[in-house]
Amino acid sequence: MLTDITIGQYFPGASLLHRLDPRTKIILLFLFIIDIFVFDTPLSYGLLSLFTVSLIYFSQVPMRMMIKSIKPLWWILLFTFLINLCSVSGEAFAHIWIFALTWEGLRQAVFICLRLILLILLSSLLTFTTSPLALTDALENLMGPFKRLGMPAHELAMMMTIALRFVPTLIEETDKIMKAQKSRGSDFSSGSLLHRVKSLIPILVPLFISAFRRADELAMAMEARCYRGGVGRTQMKALRITTIDYVAYGASLLFACTLVGLKVIGI
Amino acid sequence: MPIEIENVTYTYMPLTPFERTALRNVSLTIEEGSFTAIAGHTGSGKSTLVQHLNGLLHPTTGRVMVDGADLAAKGKAAKNARCCVGMVFQYPEHQLFEETVAADIAFGPKNMELAEDEIDKRVRDAMEFVDLDYEKYHSVSPFQLSGGQMRRVAIAGVVALKPKYLVLDEPTAGLDPQGRERLLKKIVQLHKKEKVTIVFVSHNMDDIARVADQVVFMNQGEMILKDIPQRAFFEEEKLQAAGLSAPQLVKLLKGLRANGLDVETAAFTVEKGVENILAALRRKRNAD
Ligand SMILES: Nc1ncnc2c1ncn2[C@@H]1O[C@H](COP(=O)(O)OP(=O)(O)OP(=O)(O)O)[C@@H](O)[C@H]1O
Ligand SMILES: [Mg+2]
């Protein structure tokens with residue numbers, strides 16, 4: 001049950017998307033997020049959707065995993081859809097109680113949901129095809145220029161690496177503690193809300209204790225190996241921009257220009 | 001009635017790249033009143049197997065029956081069956097959470113909705129069972145205890161459930177030799193006196209040899225051997241395959257035998273070993 005969580009999960013592979021430099025992926029993700037928000041005609045949405053689907057195809061990440069990543073946000077999508085459907089004024093096609101459902105509302109609801117879905121899919125694609133380590137490396141690298149302004153880029157990246165590193169460990173730990181308490185007859189899935197909240201205590205207390213213990217041990221181990229921040233630290237696997245990165249930048253810019261062109265001529 | 005494991009296969013995280021089959025077609029019967037030991041090297045699926053015994057994991061294929069009830073089924077019979085299998089996890093000290101030792105041990109019995117005085121009695125009994133002095137420790141925070149003491153509190157928490165079957169996953173790992181000895185003795189006592197059926201996972205062949213009356217060897221998710229210790233420890237190839245070795249005592253006796261002393265090699269306690277060696281020496285002296 002807990003192992004169903006896919007957010008931030010890496011899906012090993014050797015596709016084109018996997019081989020792109022993580023910095024390229026982050027920058028292009030930003031570019032596409034801007035695209036999604038700026039271009040709002042049906043044609044550009046069509047193109048963006050087509051583009052996203054082909055990226056998913058190239059990434060070789062099974063569609064099942066992509067759909068799983070949308071699942072947790074299912075309720076938010078539904079909510080957004082309904083709000084938009086009912087709240088936009090225009091020509092009504094139906095009346096439900098005090099709400100008027102309008103064609104304009106329907107159009108906007110569909111587009112906003114599509115927007116959200118594309119956003120989720122593209123960002124999941126980034127985490128599915130990039131190992132957490134590469135991701136934080138890239139972030140540290142991209143934040144490099146801000147170091148001059150006193151931003152602790154390396155420390156932030158290290159914190160993120162550690163946090164990501166411990167997500168699976170903590171999930172495993174939670175799973176184990178839950179099993180242990182279940183074996184002692186505790187029941188998490190039935191009873192009143194209060195009862196269920198109370199039944200979390202036997203899980204959370206050991207979990208926190210073990211998280212603190214792990215943090216303590218890790219800090220000790222890092223210090224024992226003379227870790228003292230980013231100054232003068234080099235990397236074993238330095239990031240490198242290769243031909244496929246240039247191709248990706250080129251293609252994305254071309255795509256963005258096409259969208260701009262379409263917007264200018266007004267389709 | 002026994003616990004029956006029928007053709008159980010279990011796959012972790014199916015349909016993902018992390019898919020891993022941890023059990024392959026395992027069939028095993030654990031008779032009531034028996035003492036079963038499960039051995040195998042790291043990652044061979046021992047913990048996965050024992051988690052099936054109280055329904056924490058459900059088989060991908062196959063089924064597990066406890067007292068005739070299928071654990072995967074919904075309903076009261078399955079739930080009751082689950083309750084009569086107590087489970088002590090690997091490193092159980094990590095599951096303590098209450099403010100006091102007594103409260104933590106009482107957690108299980110409370111969930112069973114027993115009466116106050118019955119709970120109190122069980123807590124006292126369980127603490128006595130694991131050699132923790134009630135007066136001294138009942139109001140101490142479990143987090144102030146040493147690792148070994150925490151382990152004992154955790155085990156007491158399961159013993160207080162008075163399970164009919166008790167599963168222990170490497171209960172002695174990381175304990176000092178004396179602590180290990182004491183715990184083992186207690187488990188044997190529980191088995192002999194209270195007639196609790198025990199399933200015991202361990203890497204330590206010496207321990208297994210001393211206590212078990214059925215030995216199971218696991219290797220890469222498959223059960224490669226199930227036999228009485230008198231035979232199991234003499235299956236050299238299977239021991240090799242499972243990455244295990246015979247108990248030290250058996251090795252010693254075999255060594256003596258190979259060097260010409262006509263000694264009976266099936267001995268699993270030091271007392272029995274001494275007896276066998278003395279008998280062999282006596283025979284030898286008489287013959288000379
Ligand atoms: N929660 C899990 N998710 C995915 N795979 C798992 C999980 N738990 C165990 N495994 C895998 O299943 C296999 C069997 O693991 P298991 O814990 O049953 O081994 P074990 O025999 O108990 O080992 P040990 O002696 O180290 O306790 C291992 O290869 C392990 O990687
Ligand atoms: Mg194990």
# chains A, B, ... in the order shown; residues from 1 in each chain; ligands from 1

$ interface_residues --of "chain B" --to "chain A" --cutoff "6 Å" --atoms "only C-alpha atoms" --output "ChimeraX atom specification"
/B:95,97,108,111

$ residues_near_ligand --ligand "ligand 2" --cutoff "9 Å" --atoms "only C-alpha atoms and all ligand atoms" --output "NGL selection string"
:B and (42-48 or 50 or 89-90 or 169-170 or 201-202)

$ write_last_selection --atoms "C-alpha atoms" --output "tab-separated table (two decimals), in the first residue's frame"
chain	number	residue	atom	x	y	z
B	42	THR	CA	20.65	-12.88	3.93
B	43	GLY	CA	17.88	-12.12	1.45
B	44	SER	CA	16.74	-15.71	1.06
B	45	GLY	CA	13.16	-14.83	1.97
B	46	LYS	CA	12.91	-15.89	5.62
B	47	SER	CA	11.29	-12.68	6.83
B	48	THR	CA	8.97	-12.65	3.85
B	50	VAL	CA	7.15	-15.62	8.29
B	89	PHE	CA	10.00	-8.78	14.19
B	90	GLN	CA	13.65	-8.42	13.39
B	169	ASP	CA	12.42	-13.34	13.43
B	170	GLU	CA	16.06	-13.43	14.51
B	201	VAL	CA	14.23	-17.61	12.26
B	202	SER	CA	17.95	-17.59	12.86

$ residues_around --residues "Lys226 (chain B)" --least-positions-apart "2" --cutoff "9 Å" --atoms "only C-alpha atoms" --output "NGL selection string"
:B and (28 or 214-217 or 223-224 or 228 or 232)

$ residues_around --residues "Leu252 (chain B)" --least-positions-apart "3" --cutoff "12 Å" --atoms "only C-alpha atoms" --output "PyMOL selection string"
chain B and resi 246-249+255-259+261+263-268+270+273-274+276-277

$ select_by_dssp --residues "region 120-197 of chain A" --states "alpha helix (DSSP H)" --output "PyMOL selection string"
chain A and resi 120-129+132-143+153-183+193-197

$ decode --residues "region 138-152 of chain A" --atoms "all heavy atoms" --output "PDB file, in the first residue's frame"
ATOM      1  N   ALA A 138      22.137  18.796 -10.434  1.00  0.00           N
ATOM      2  CA  ALA A 138      21.769  19.799 -11.420  1.00  0.00           C
ATOM      3  C   ALA A 138      21.286  21.072 -10.728  1.00  0.00           C
ATOM      4  O   ALA A 138      21.643  22.174 -11.126  1.00  0.00           O
ATOM      5  CB  ALA A 138      20.691  19.248 -12.333  1.00  0.00           C
ATOM      6  N   LEU A 139      20.491  20.896  -9.671  1.00  0.00           N
ATOM      7  CA  LEU A 139      19.982  22.075  -8.967  1.00  0.00           C
ATOM      8  C   LEU A 139      21.140  22.863  -8.369  1.00  0.00           C
ATOM      9  O   LEU A 139      21.171  24.089  -8.456  1.00  0.00           O
ATOM     10  CB  LEU A 139      18.995  21.655  -7.874  1.00  0.00           C
ATOM     11  CG  LEU A 139      17.614  21.274  -8.398  1.00  0.00           C
ATOM     12  CD1 LEU A 139      16.739  20.788  -7.259  1.00  0.00           C
ATOM     13  CD2 LEU A 139      16.968  22.472  -9.085  1.00  0.00           C
ATOM     14  N   GLU A 140      22.075  22.138  -7.761  1.00  0.00           N
ATOM     15  CA  GLU A 140      23.217  22.831  -7.176  1.00  0.00           C
ATOM     16  C   GLU A 140      23.943  23.626  -8.252  1.00  0.00           C
ATOM     17  O   GLU A 140      24.299  24.786  -8.069  1.00  0.00           O
ATOM     18  CB  GLU A 140      24.182  21.820  -6.541  1.00  0.00           C
ATOM     19  CG  GLU A 140      25.416  22.493  -5.971  1.00  0.00           C
ATOM     20  CD  GLU A 140      26.373  21.526  -5.300  1.00  0.00           C
ATOM     21  OE1 GLU A 140      26.013  20.344  -5.163  1.00  0.00           O
ATOM     22  OE2 GLU A 140      27.457  21.964  -4.923  1.00  0.00           O
ATOM     23  N   ASN A 141      24.115  22.961  -9.391  1.00  0.00           N
ATOM     24  CA  ASN A 141      24.818  23.593 -10.490  1.00  0.00           C
ATOM     25  C   ASN A 141      24.076  24.829 -10.998  1.00  0.00           C
ATOM     26  O   ASN A 141      24.674  25.876 -11.241  1.00  0.00           O
ATOM     27  CB  ASN A 141      24.949  22.562 -11.605  1.00  0.00           C
ATOM     28  CG  ASN A 141      26.073  22.890 -12.535  1.00  0.00           C
ATOM     29  OD1 ASN A 141      25.957  23.858 -13.276  1.00  0.00           O
ATOM     30  ND2 ASN A 141      27.154  22.149 -12.465  1.00  0.00           N
ATOM     31  N   LEU A 142      22.755  24.695 -11.136  1.00  0.00           N
ATOM     32  CA  LEU A 142      21.969  25.820 -11.649  1.00  0.00           C
ATOM     33  C   LEU A 142      21.936  26.973 -10.652  1.00  0.00           C
ATOM     34  O   LEU A 142      21.815  28.127 -11.030  1.00  0.00           O
ATOM     35  CB  LEU A 142      20.544  25.365 -11.977  1.00  0.00           C
ATOM     36  CG  LEU A 142      20.405  24.443 -13.190  1.00  0.00           C
ATOM     37  CD1 LEU A 142      18.980  23.940 -13.308  1.00  0.00           C
ATOM     38  CD2 LEU A 142      20.806  25.183 -14.452  1.00  0.00           C
ATOM     39  N   MET A 143      22.022  26.626  -9.365  1.00  0.00           N
ATOM     40  CA  MET A 143      21.994  27.677  -8.348  1.00  0.00           C
ATOM     41  C   MET A 143      23.366  28.306  -8.156  1.00  0.00           C
ATOM     42  O   MET A 143      23.506  29.265  -7.417  1.00  0.00           O
ATOM     43  CB  MET A 143      21.496  27.113  -7.015  1.00  0.00           C
ATOM     44  CG  MET A 143      20.018  26.783  -7.013  1.00  0.00           C
ATOM     45  SD  MET A 143      19.411  26.375  -5.375  1.00  0.00           S
ATOM     46  CE  MET A 143      20.252  24.855  -5.019  1.00  0.00           C
ATOM     47  N   GLY A 144      24.363  27.738  -8.829  1.00  0.00           N
ATOM     48  CA  GLY A 144      25.739  28.212  -8.703  1.00  0.00           C
ATOM     49  C   GLY A 144      25.907  29.727  -8.726  1.00  0.00           C
ATOM     50  O   GLY A 144      26.537  30.292  -7.827  1.00  0.00           O
ATOM     51  N   PRO A 145      25.328  30.397  -9.719  1.00  0.00           N
ATOM     52  CA  PRO A 145      25.501  31.853  -9.807  1.00  0.00           C
ATOM     53  C   PRO A 145      25.042  32.595  -8.546  1.00  0.00           C
ATOM     54  O   PRO A 145      25.571  33.645  -8.227  1.00  0.00           O
ATOM     55  CB  PRO A 145      24.617  32.231 -10.996  1.00  0.00           C
ATOM     56  CG  PRO A 145      24.502  31.000 -11.804  1.00  0.00           C
ATOM     57  CD  PRO A 145      24.579  29.858 -10.855  1.00  0.00           C
ATOM     58  N   PHE A 146      24.064  32.038  -7.843  1.00  0.00           N
ATOM     59  CA  PHE A 146      23.542  32.735  -6.667  1.00  0.00           C
ATOM     60  C   PHE A 146      24.450  32.581  -5.448  1.00  0.00           C
ATOM     61  O   PHE A 146      24.236  33.201  -4.427  1.00  0.00           O
ATOM     62  CB  PHE A 146      22.141  32.222  -6.314  1.00  0.00           C
ATOM     63  CG  PHE A 146      21.159  32.445  -7.416  1.00  0.00           C
ATOM     64  CD1 PHE A 146      20.720  31.390  -8.199  1.00  0.00           C
ATOM     65  CD2 PHE A 146      20.686  33.723  -7.680  1.00  0.00           C
ATOM     66  CE1 PHE A 146      19.820  31.596  -9.227  1.00  0.00           C
ATOM     67  CE2 PHE A 146      19.784  33.929  -8.715  1.00  0.00           C
ATOM     68  CZ  PHE A 146      19.352  32.866  -9.487  1.00  0.00           C
ATOM     69  N   LYS A 147      25.446  31.698  -5.590  1.00  0.00           N
ATOM     70  CA  LYS A 147      26.369  31.499  -4.462  1.00  0.00           C
ATOM     71  C   LYS A 147      27.043  32.813  -4.089  1.00  0.00           C
ATOM     72  O   LYS A 147      27.271  33.108  -2.924  1.00  0.00           O
ATOM     73  CB  LYS A 147      27.452  30.485  -4.848  1.00  0.00           C
ATOM     74  CG  LYS A 147      27.130  29.065  -4.427  1.00  0.00           C
ATOM     75  CD  LYS A 147      28.340  28.187  -4.675  1.00  0.00           C
ATOM     76  CE  LYS A 147      27.945  26.728  -4.692  1.00  0.00           C
ATOM     77  NZ  LYS A 147      28.966  25.886  -5.304  1.00  0.00           N
ATOM     78  N   ARG A 148      27.376  33.605  -5.117  1.00  0.00           N
ATOM     79  CA  ARG A 148      28.030  34.892  -4.884  1.00  0.00           C
ATOM     80  C   ARG A 148      27.183  35.763  -3.974  1.00  0.00           C
ATOM     81  O   ARG A 148      27.708  36.538  -3.188  1.00  0.00           O
ATOM     82  CB  ARG A 148      28.202  35.634  -6.217  1.00  0.00           C
ATOM     83  CG  ARG A 148      29.068  34.900  -7.179  1.00  0.00           C
ATOM     84  CD  ARG A 148      30.347  35.682  -7.487  1.00  0.00           C
ATOM     85  NE  ARG A 148      31.197  34.832  -8.286  1.00  0.00           N
ATOM     86  CZ  ARG A 148      30.953  34.571  -9.572  1.00  0.00           C
ATOM     87  NH1 ARG A 148      29.952  35.145 -10.192  1.00  0.00           N
ATOM     88  NH2 ARG A 148      31.735  33.738 -10.230  1.00  0.00           N
ATOM     89  N   LEU A 149      25.864  35.628  -4.122  1.00  0.00           N
ATOM     90  CA  LEU A 149      24.961  36.459  -3.317  1.00  0.00           C
ATOM     91  C   LEU A 149      24.776  35.870  -1.925  1.00  0.00           C
ATOM     92  O   LEU A 149      23.910  36.306  -1.169  1.00  0.00           O
ATOM     93  CB  LEU A 149      23.599  36.580  -4.009  1.00  0.00           C
ATOM     94  CG  LEU A 149      23.658  37.114  -5.446  1.00  0.00           C
ATOM     95  CD1 LEU A 149      22.283  37.062  -6.094  1.00  0.00           C
ATOM     96  CD2 LEU A 149      24.191  38.541  -5.451  1.00  0.00           C
ATOM     97  N   GLY A 150      25.539  34.818  -1.623  1.00  0.00           N
ATOM     98  CA  GLY A 150      25.476  34.254  -0.280  1.00  0.00           C
ATOM     99  C   GLY A 150      24.466  33.133  -0.126  1.00  0.00           C
ATOM    100  O   GLY A 150      24.146  32.717   0.982  1.00  0.00           O
ATOM    101  N   MET A 151      23.956  32.605  -1.245  1.00  0.00           N
ATOM    102  CA  MET A 151      23.011  31.501  -1.135  1.00  0.00           C
ATOM    103  C   MET A 151      23.786  30.188  -0.943  1.00  0.00           C
ATOM    104  O   MET A 151      24.695  29.894  -1.713  1.00  0.00           O
ATOM    105  CB  MET A 151      22.194  31.429  -2.408  1.00  0.00           C
ATOM    106  CG  MET A 151      21.141  30.391  -2.372  1.00  0.00           C
ATOM    107  SD  MET A 151      20.014  30.766  -3.693  1.00  0.00           S
ATOM    108  CE  MET A 151      19.468  29.177  -4.117  1.00  0.00           C
ATOM    109  N   PRO A 152      23.459  29.415   0.084  1.00  0.00           N
ATOM    110  CA  PRO A 152      24.220  28.185   0.327  1.00  0.00           C
ATOM    111  C   PRO A 152      23.779  27.074  -0.624  1.00  0.00           C
ATOM    112  O   PRO A 152      23.108  26.124  -0.210  1.00  0.00           O
ATOM    113  CB  PRO A 152      23.888  27.848   1.773  1.00  0.00           C
ATOM    114  CG  PRO A 152      22.556  28.469   2.019  1.00  0.00           C
ATOM    115  CD  PRO A 152      22.394  29.629   1.084  1.00  0.00           C
TER     116      PRO A 152
END
